[in-house]
Amino acid sequence: MRLISGKEGKETKKIITSALRQYPHGAEAHKSLAYYHIFRGDWKEGVEVLAEFTAQHPNHPHGWYYYGRCLFETGEYEKAAEMMLKAYHLYPDECEIYRGLCEILPVAKMTSLPLTFPLKKGVEGTLQTKEGNNITLASIVEEMLERFPQRWSVWAIAGRVLVECFKEVERGCLVSEKGTQLQPQLADAWFCHGRVLALAFKHREAVEALEKGWEFLPAGGYLQSVPAAVWLGESYRVLGDVGASLRSWEVACQGCQELREFNPASADYWLGRALVGLGDRLGAIQAYESALSQELLYPTRGEVEKSLKGLKGKGRKGLGG
């Protein structure tokens with residue numbers, strides 16, 4: 001909620017300090033302290049919290065996991081991949097570590113080469129399976145599906161990686177669909193599947209999946225409904241249904257007002273995307289700049305910076321014309 005300044009910020013820090021006192025060797029408490037610093041604008045100090053924790057607890061897999069995520073969300077993609085691979089090397093039975101690798105490796109552009117693991121300073125070794133095969137992102141996806149077949153989110157992220165990174169469109173969509181079969185009444189499962197279908201340019205099927213998810217939305221589920229409304233608007237626009245796309249983006253704008261109470265930076269990001277769809281260039285610029293001022297994290301931050309540049313460029317062209 002970004003409660004990191006004034007009286008509320010002192011209360012947040014008090015809670016974190018209490019957690020650190022009770023669990024001095026707990027990775028979760030140190031993660032909270034790291035993000036407290038990051039959301040206050042001191043990214044370097046935040047990252048350093050987890051760097052120190054992993055140095056003091058080198059065999060704690062969750063420490064490396066949180067360190068990897070922290071580096072990823074502050075834009076240090078290659079180093080983030082290195083830390084997540086350390087977590088994987090230490091504890092290859094943790095589902096979240098697989099999910100983290102599937103999220104980080106594509107952004108770090110490490111999708112095809114065998115993955116290397118730092119044995120010691122200046123020395124690297126290639127990660128291998130028990131059978132002696134090189135480990136790659138593709139092998140991690142297959143391993144994740146084999147180890148955690150009952151988790152719907154595993155099928156969703158695997159489907160997305162197959163579509164986005166390996167252009168295995170048909171298989172990726174089928175894999176993603178498996179998540180909706182495991183959780184047929186879960187809005188998130190349908191929304192994630194809809195997103196994969198849209199990335200595969202199957203926009204008619206994407207709309208059907210997103211609308212299906214809408215039927216199962218819990219009351220007040222703005223964290224889920226706002227992104228889904230934006231995605232619906234984008235798919236409807238591709239299909240040529242202007243009215244439906246505009247209505248979806250208007251719903252997203254309304255939801256952002258509620259989402260702001262929980263996560264203001266995320267709310268402004270999605271508001272910016274919805275306003276771009278509605279053609280409100282100045283409103284989108286304002287929303288995006290507000291999101292950045294609240295320490296919006298990467299990789300979304302990079303997307304917003306790029307979008308802002310384009311939106312401001314359009315304004316200058318308009319003035320010149």
# chains A, B, ... in the order shown; residues from 1 in each chain; ligands from 1
>>> select_by_dssp(residues="region 57-154 of chain A", states="strand (DSSP E)", output="JSON, numbers by chain")
{"A": [116, 117, 118, 119, 120, 123, 124, 125, 126]}
>>> residues_around(residues="region 13-20 of chain A", least_positions_apart="5", cutoff="9 Å", atoms="only C-alpha atoms", output="number ranges by chain")
A: 4, 8, 25-26, 28-30, 32-33, 36
>>> write_last_selection(atoms="C-alpha atoms", output="PDB file, in the first residue's frame")
ATOM      1  CA  ILE A   4       6.268   4.191   4.011  1.00  0.00           C
ATOM      2  CA  GLU A   8       2.033   5.385   8.781  1.00  0.00           C
ATOM      3  CA  HIS A  25      17.225 -15.557  10.391  1.00  0.00           C
ATOM      4  CA  GLY A  26      13.936 -15.325   8.459  1.00  0.00           C
ATOM      5  CA  GLU A  28      10.604 -12.994   4.726  1.00  0.00           C
ATOM      6  CA  ALA A  29      11.314 -10.319   7.352  1.00  0.00           C
ATOM      7  CA  HIS A  30      14.424  -9.187   5.483  1.00  0.00           C
ATOM      8  CA  SER A  32       9.935  -6.743   3.919  1.00  0.00           C
ATOM      9  CA  LEU A  33      12.755  -4.456   5.056  1.00  0.00           C
ATOM     10  CA  TYR A  36      10.427  -0.771   2.660  1.00  0.00           C
TER      11      TYR A  36
END
>>> closest_residue(among="A:Ala198, A:Val226, A:Val163, A:Leu3", to="Ser248 (chain A)", atoms="only C-alpha atoms")
A:Val226
>>> atom_distance(atom1="CA of Arg301 (chain A)", atom2="CA of Ala244 (chain A)")
28.2 Å
>>> select_by_dssp(residues="region 62-298 of chain A", states="alpha helix (DSSP H)", output="PyMOL selection string")
chain A and resi 62-73+77-90+95-107+137-147+152-164+169-182+187-199+203-215+222-239+242-259+264-278+281-293
>>> atom_distance(atom1="CA of Gly194 (chain A)", atom2="CA of Gly310 (chain A)")
27.0 Å
>>> closest_residue(among="A:Cys256, A:Gly75, A:Glu234, A:Glu250", to="Glu303 (chain A)", atoms="only C-alpha atoms")
A:Gly75
>>> closest_residue(among="A:Ile157, A:Leu297, A:Ala200, A:Lys309", to="Ile285 (chain A)", atoms="only C-alpha atoms")
A:Lys309
>>> closest_residue(among="A:Asp93, A:Gln181, A:Ser153, A:Lys314", to="Gly279 (chain A)", atoms="only C-alpha atoms")
A:Lys314
>>> closest_residue(among="A:Tyr77, A:Phe201, A:Trp270, A:Trp214", to="Val230 (chain A)", atoms="only C-alpha atoms")
A:Trp270
>>> residues_around(residues="Pro58 (chain A)", least_positions_apart="4", cutoff="10 Å", atoms="only C-alpha atoms", output="list in words")
Glu52, Phe53, Thr54, Gly63, Trp64, Lys86, Ala87 and Leu90 of chain A
>>> write_last_selection(atoms="N, CA and C atoms", output="mmCIF file, in the first residue's frame")
data_model
loop_
_atom_site.group_PDB
_atom_site.id
_atom_site.type_symbol
_atom_site.label_atom_id
_atom_site.label_comp_id
_atom_site.auth_asym_id
_atom_site.auth_seq_id
_atom_site.Cartn_x
_atom_site.Cartn_y
_atom_site.Cartn_z
ATOM 1 N N GLU A 52 23.178 -8.815 1.926
ATOM 2 C CA GLU A 52 23.791 -9.148 3.221
ATOM 3 C C GLU A 52 23.180 -10.417 3.801
ATOM 4 N N PHE A 53 21.850 -10.568 3.652
ATOM 5 C CA PHE A 53 21.195 -11.764 4.204
ATOM 6 C C PHE A 53 21.734 -13.029 3.539
ATOM 7 N N THR A 54 21.873 -13.000 2.203
ATOM 8 C CA THR A 54 22.364 -14.194 1.506
ATOM 9 C C THR A 54 23.841 -14.459 1.824
ATOM 10 N N GLY A 63 16.300 -17.043 0.726
ATOM 11 C CA GLY A 63 17.082 -15.813 0.687
ATOM 12 C C GLY A 63 17.501 -15.490 -0.736
ATOM 13 N N TRP A 64 18.022 -16.500 -1.452
ATOM 14 C CA TRP A 64 18.419 -16.294 -2.848
ATOM 15 C C TRP A 64 17.201 -16.003 -3.714
ATOM 16 N N LYS A 86 20.846 -19.784 -8.330
ATOM 17 C CA LYS A 86 21.446 -20.266 -7.081
ATOM 18 C C LYS A 86 20.367 -20.905 -6.212
ATOM 19 N N ALA A 87 19.205 -20.256 -6.147
ATOM 20 C CA ALA A 87 18.093 -20.810 -5.370
ATOM 21 C C ALA A 87 17.686 -22.173 -5.924
ATOM 22 N N LEU A 90 20.210 -24.846 -5.022
ATOM 23 C CA LEU A 90 20.122 -25.243 -3.619
ATOM 24 C C LEU A 90 18.877 -26.071 -3.321
#
>>> atom_distance(atom1="CA of Phe148 (chain A)", atom2="CA of Arg99 (chain A)")
10.9 Å
>>> residues_around(residues="Arg195 (chain A)", least_positions_apart="6", cutoff="12 Å", atoms="only C-alpha atoms", output="ChimeraX atom specification")
/A:156-157,159-161,163-164,172-173,176-177,188-189,201-211,213,227-235
>>> closest_residue(among="A:Glu76, A:Val304, A:Gly100, A:Met84", to="Met144 (chain A)", atoms="only C-alpha atoms")
A:Gly100
>>> residues_around(residues="Val276 (chain A)", least_positions_apart="2", cutoff="12 Å", atoms="only C-alpha atoms", output="PyMOL selection string")
chain A and resi 230+233-234+245-246+249-250+252-253+269-274+278-288+304+307-308+310-311
>>> decode(residues="region 56-87 of chain A", atoms="N, CA, C and O atoms", output="PDB file, in the first residue's frame")
ATOM      1  N   GLN A  56      25.187 -13.938   4.706  1.00  0.00           N
ATOM      2  CA  GLN A  56      25.196 -14.512   6.052  1.00  0.00           C
ATOM      3  C   GLN A  56      24.502 -15.873   6.098  1.00  0.00           C
ATOM      4  O   GLN A  56      24.755 -16.671   7.006  1.00  0.00           O
ATOM      5  N   HIS A  57      23.603 -16.128   5.137  1.00  0.00           N
ATOM      6  CA  HIS A  57      22.854 -17.393   5.101  1.00  0.00           C
ATOM      7  C   HIS A  57      22.966 -17.999   3.695  1.00  0.00           C
ATOM      8  O   HIS A  57      21.975 -18.079   2.958  1.00  0.00           O
ATOM      9  N   PRO A  58      24.168 -18.428   3.302  1.00  0.00           N
ATOM     10  CA  PRO A  58      24.392 -18.877   1.916  1.00  0.00           C
ATOM     11  C   PRO A  58      23.635 -20.141   1.520  1.00  0.00           C
ATOM     12  O   PRO A  58      23.509 -20.425   0.325  1.00  0.00           O
ATOM     13  N   ASN A  59      23.127 -20.886   2.496  1.00  0.00           N
ATOM     14  CA  ASN A  59      22.398 -22.114   2.167  1.00  0.00           C
ATOM     15  C   ASN A  59      20.886 -21.984   2.355  1.00  0.00           C
ATOM     16  O   ASN A  59      20.174 -22.985   2.412  1.00  0.00           O
ATOM     17  N   HIS A  60      20.414 -20.747   2.444  1.00  0.00           N
ATOM     18  CA  HIS A  60      18.981 -20.491   2.622  1.00  0.00           C
ATOM     19  C   HIS A  60      18.367 -20.218   1.244  1.00  0.00           C
ATOM     20  O   HIS A  60      18.546 -19.133   0.694  1.00  0.00           O
ATOM     21  N   PRO A  61      17.648 -21.179   0.649  1.00  0.00           N
ATOM     22  CA  PRO A  61      17.131 -20.984  -0.720  1.00  0.00           C
ATOM     23  C   PRO A  61      16.180 -19.809  -0.854  1.00  0.00           C
ATOM     24  O   PRO A  61      16.161 -19.130  -1.880  1.00  0.00           O
ATOM     25  N   HIS A  62      15.359 -19.552   0.187  1.00  0.00           N
ATOM     26  CA  HIS A  62      14.420 -18.445   0.083  1.00  0.00           C
ATOM     27  C   HIS A  62      15.130 -17.098   0.083  1.00  0.00           C
ATOM     28  O   HIS A  62      14.642 -16.123  -0.486  1.00  0.00           O
ATOM     29  N   GLY A  63      16.300 -17.043   0.726  1.00  0.00           N
ATOM     30  CA  GLY A  63      17.082 -15.813   0.687  1.00  0.00           C
ATOM     31  C   GLY A  63      17.501 -15.490  -0.736  1.00  0.00           C
ATOM     32  O   GLY A  63      17.354 -14.354  -1.211  1.00  0.00           O
ATOM     33  N   TRP A  64      18.022 -16.500  -1.452  1.00  0.00           N
ATOM     34  CA  TRP A  64      18.419 -16.294  -2.848  1.00  0.00           C
ATOM     35  C   TRP A  64      17.201 -16.003  -3.714  1.00  0.00           C
ATOM     36  O   TRP A  64      17.282 -15.201  -4.652  1.00  0.00           O
ATOM     37  N   TYR A  65      16.076 -16.643  -3.420  1.00  0.00           N
ATOM     38  CA  TYR A  65      14.850 -16.398  -4.193  1.00  0.00           C
ATOM     39  C   TYR A  65      14.417 -14.934  -4.062  1.00  0.00           C
ATOM     40  O   TYR A  65      14.163 -14.255  -5.067  1.00  0.00           O
ATOM     41  N   TYR A  66      14.331 -14.440  -2.827  1.00  0.00           N
ATOM     42  CA  TYR A  66      13.901 -13.051  -2.624  1.00  0.00           C
ATOM     43  C   TYR A  66      14.928 -12.066  -3.182  1.00  0.00           C
ATOM     44  O   TYR A  66      14.564 -11.018  -3.716  1.00  0.00           O
ATOM     45  N   TYR A  67      16.200 -12.403  -3.062  1.00  0.00           N
ATOM     46  CA  TYR A  67      17.256 -11.558  -3.615  1.00  0.00           C
ATOM     47  C   TYR A  67      17.099 -11.468  -5.138  1.00  0.00           C
ATOM     48  O   TYR A  67      17.186 -10.392  -5.734  1.00  0.00           O
ATOM     49  N   GLY A  68      16.830 -12.621  -5.758  1.00  0.00           N
ATOM     50  CA  GLY A  68      16.613 -12.651  -7.204  1.00  0.00           C
ATOM     51  C   GLY A  68      15.426 -11.816  -7.623  1.00  0.00           C
ATOM     52  O   GLY A  68      15.489 -11.038  -8.583  1.00  0.00           O
ATOM     53  N   ARG A  69      14.321 -11.951  -6.894  1.00  0.00           N
ATOM     54  CA  ARG A  69      13.124 -11.178  -7.235  1.00  0.00           C
ATOM     55  C   ARG A  69      13.376  -9.689  -7.047  1.00  0.00           C
ATOM     56  O   ARG A  69      12.921  -8.861  -7.840  1.00  0.00           O
ATOM     57  N   CYS A  70      14.071  -9.338  -5.973  1.00  0.00           N
ATOM     58  CA  CYS A  70      14.361  -7.934  -5.695  1.00  0.00           C
ATOM     59  C   CYS A  70      15.219  -7.327  -6.813  1.00  0.00           C
ATOM     60  O   CYS A  70      14.950  -6.219  -7.288  1.00  0.00           O
ATOM     61  N   LEU A  71      16.236  -8.051  -7.248  1.00  0.00           N
ATOM     62  CA  LEU A  71      17.085  -7.584  -8.347  1.00  0.00           C
ATOM     63  C   LEU A  71      16.270  -7.454  -9.634  1.00  0.00           C
ATOM     64  O   LEU A  71      16.432  -6.496 -10.395  1.00  0.00           O
ATOM     65  N   PHE A  72      15.396  -8.415  -9.880  1.00  0.00           N
ATOM     66  CA  PHE A  72      14.545  -8.391 -11.073  1.00  0.00           C
ATOM     67  C   PHE A  72      13.661  -7.153 -11.068  1.00  0.00           C
ATOM     68  O   PHE A  72      13.548  -6.444 -12.082  1.00  0.00           O
ATOM     69  N   GLU A  73      13.062  -6.877  -9.927  1.00  0.00           N
ATOM     70  CA  GLU A  73      12.112  -5.763  -9.847  1.00  0.00           C
ATOM     71  C   GLU A  73      12.783  -4.401  -9.745  1.00  0.00           C
ATOM     72  O   GLU A  73      12.115  -3.371  -9.832  1.00  0.00           O
ATOM     73  N   THR A  74      14.107  -4.390  -9.595  1.00  0.00           N
ATOM     74  CA  THR A  74      14.846  -3.130  -9.658  1.00  0.00           C
ATOM     75  C   THR A  74      15.637  -3.035 -10.971  1.00  0.00           C
ATOM     76  O   THR A  74      16.499  -2.170 -11.120  1.00  0.00           O
ATOM     77  N   GLY A  75      15.346  -3.927 -11.914  1.00  0.00           N
ATOM     78  CA  GLY A  75      15.881  -3.812 -13.264  1.00  0.00           C
ATOM     79  C   GLY A  75      17.203  -4.484 -13.526  1.00  0.00           C
ATOM     80  O   GLY A  75      17.751  -4.366 -14.632  1.00  0.00           O
ATOM     81  N   GLU A  76      17.742  -5.236 -12.558  1.00  0.00           N
ATOM     82  CA  GLU A  76      19.032  -5.922 -12.764  1.00  0.00           C
ATOM     83  C   GLU A  76      18.755  -7.367 -13.186  1.00  0.00           C
ATOM     84  O   GLU A  76      18.923  -8.313 -12.412  1.00  0.00           O
ATOM     85  N   TYR A  77      18.347  -7.537 -14.429  1.00  0.00           N
ATOM     86  CA  TYR A  77      17.807  -8.797 -14.888  1.00  0.00           C
ATOM     87  C   TYR A  77      18.819  -9.949 -14.897  1.00  0.00           C
ATOM     88  O   TYR A  77      18.517 -11.056 -14.455  1.00  0.00           O
ATOM     89  N   GLU A  78      20.002  -9.711 -15.415  1.00  0.00           N
ATOM     90  CA  GLU A  78      20.986 -10.795 -15.507  1.00  0.00           C
ATOM     91  C   GLU A  78      21.441 -11.252 -14.120  1.00  0.00           C
ATOM     92  O   GLU A  78      21.569 -12.448 -13.861  1.00  0.00           O
ATOM     93  N   LYS A  79      21.665 -10.298 -13.241  1.00  0.00           N
ATOM     94  CA  LYS A  79      22.059 -10.660 -11.881  1.00  0.00           C
ATOM     95  C   LYS A  79      20.911 -11.365 -11.168  1.00  0.00           C
ATOM     96  O   LYS A  79      21.130 -12.291 -10.371  1.00  0.00           O
ATOM     97  N   ALA A  80      19.687 -10.944 -11.460  1.00  0.00           N
ATOM     98  CA  ALA A  80      18.508 -11.598 -10.876  1.00  0.00           C
ATOM     99  C   ALA A  80      18.449 -13.056 -11.295  1.00  0.00           C
ATOM    100  O   ALA A  80      18.167 -13.950 -10.484  1.00  0.00           O
ATOM    101  N   ALA A  81      18.719 -13.320 -12.571  1.00  0.00           N
ATOM    102  CA  ALA A  81      18.717 -14.698 -13.070  1.00  0.00           C
ATOM    103  C   ALA A  81      19.776 -15.526 -12.349  1.00  0.00           C
ATOM    104  O   ALA A  81      19.537 -16.680 -11.977  1.00  0.00           O
ATOM    105  N   GLU A  82      20.936 -14.924 -12.129  1.00  0.00           N
ATOM    106  CA  GLU A  82      22.025 -15.631 -11.440  1.00  0.00           C
ATOM    107  C   GLU A  82      21.597 -16.045 -10.033  1.00  0.00           C
ATOM    108  O   GLU A  82      21.848 -17.170  -9.598  1.00  0.00           O
ATOM    109  N   MET A  83      20.949 -15.131  -9.310  1.00  0.00           N
ATOM    110  CA  MET A  83      20.535 -15.433  -7.941  1.00  0.00           C
ATOM    111  C   MET A  83      19.406 -16.479  -7.913  1.00  0.00           C
ATOM    112  O   MET A  83      19.373 -17.344  -7.042  1.00  0.00           O
ATOM    113  N   MET A  84      18.482 -16.393  -8.869  1.00  0.00           N
ATOM    114  CA  MET A  84      17.394 -17.365  -8.908  1.00  0.00           C
ATOM    115  C   MET A  84      17.934 -18.751  -9.261  1.00  0.00           C
ATOM    116  O   MET A  84      17.433 -19.765  -8.764  1.00  0.00           O
ATOM    117  N   LEU A  85      18.972 -18.805 -10.079  1.00  0.00           N
ATOM    118  CA  LEU A  85      19.596 -20.082 -10.400  1.00  0.00           C
ATOM    119  C   LEU A  85      20.303 -20.660  -9.180  1.00  0.00           C
ATOM    120  O   LEU A  85      20.363 -21.876  -9.006  1.00  0.00           O
ATOM    121  N   LYS A  86      20.846 -19.784  -8.330  1.00  0.00           N
ATOM    122  CA  LYS A  86      21.446 -20.266  -7.081  1.00  0.00           C
ATOM    123  C   LYS A  86      20.367 -20.905  -6.212  1.00  0.00           C
ATOM    124  O   LYS A  86      20.593 -21.953  -5.594  1.00  0.00           O
ATOM    125  N   ALA A  87      19.205 -20.256  -6.147  1.00  0.00           N
ATOM    126  CA  ALA A  87      18.093 -20.810  -5.370  1.00  0.00           C
ATOM    127  C   ALA A  87      17.686 -22.173  -5.924  1.00  0.00           C
ATOM    128  O   ALA A  87      17.459 -23.128  -5.173  1.00  0.00           O
TER     129      ALA A  87
END
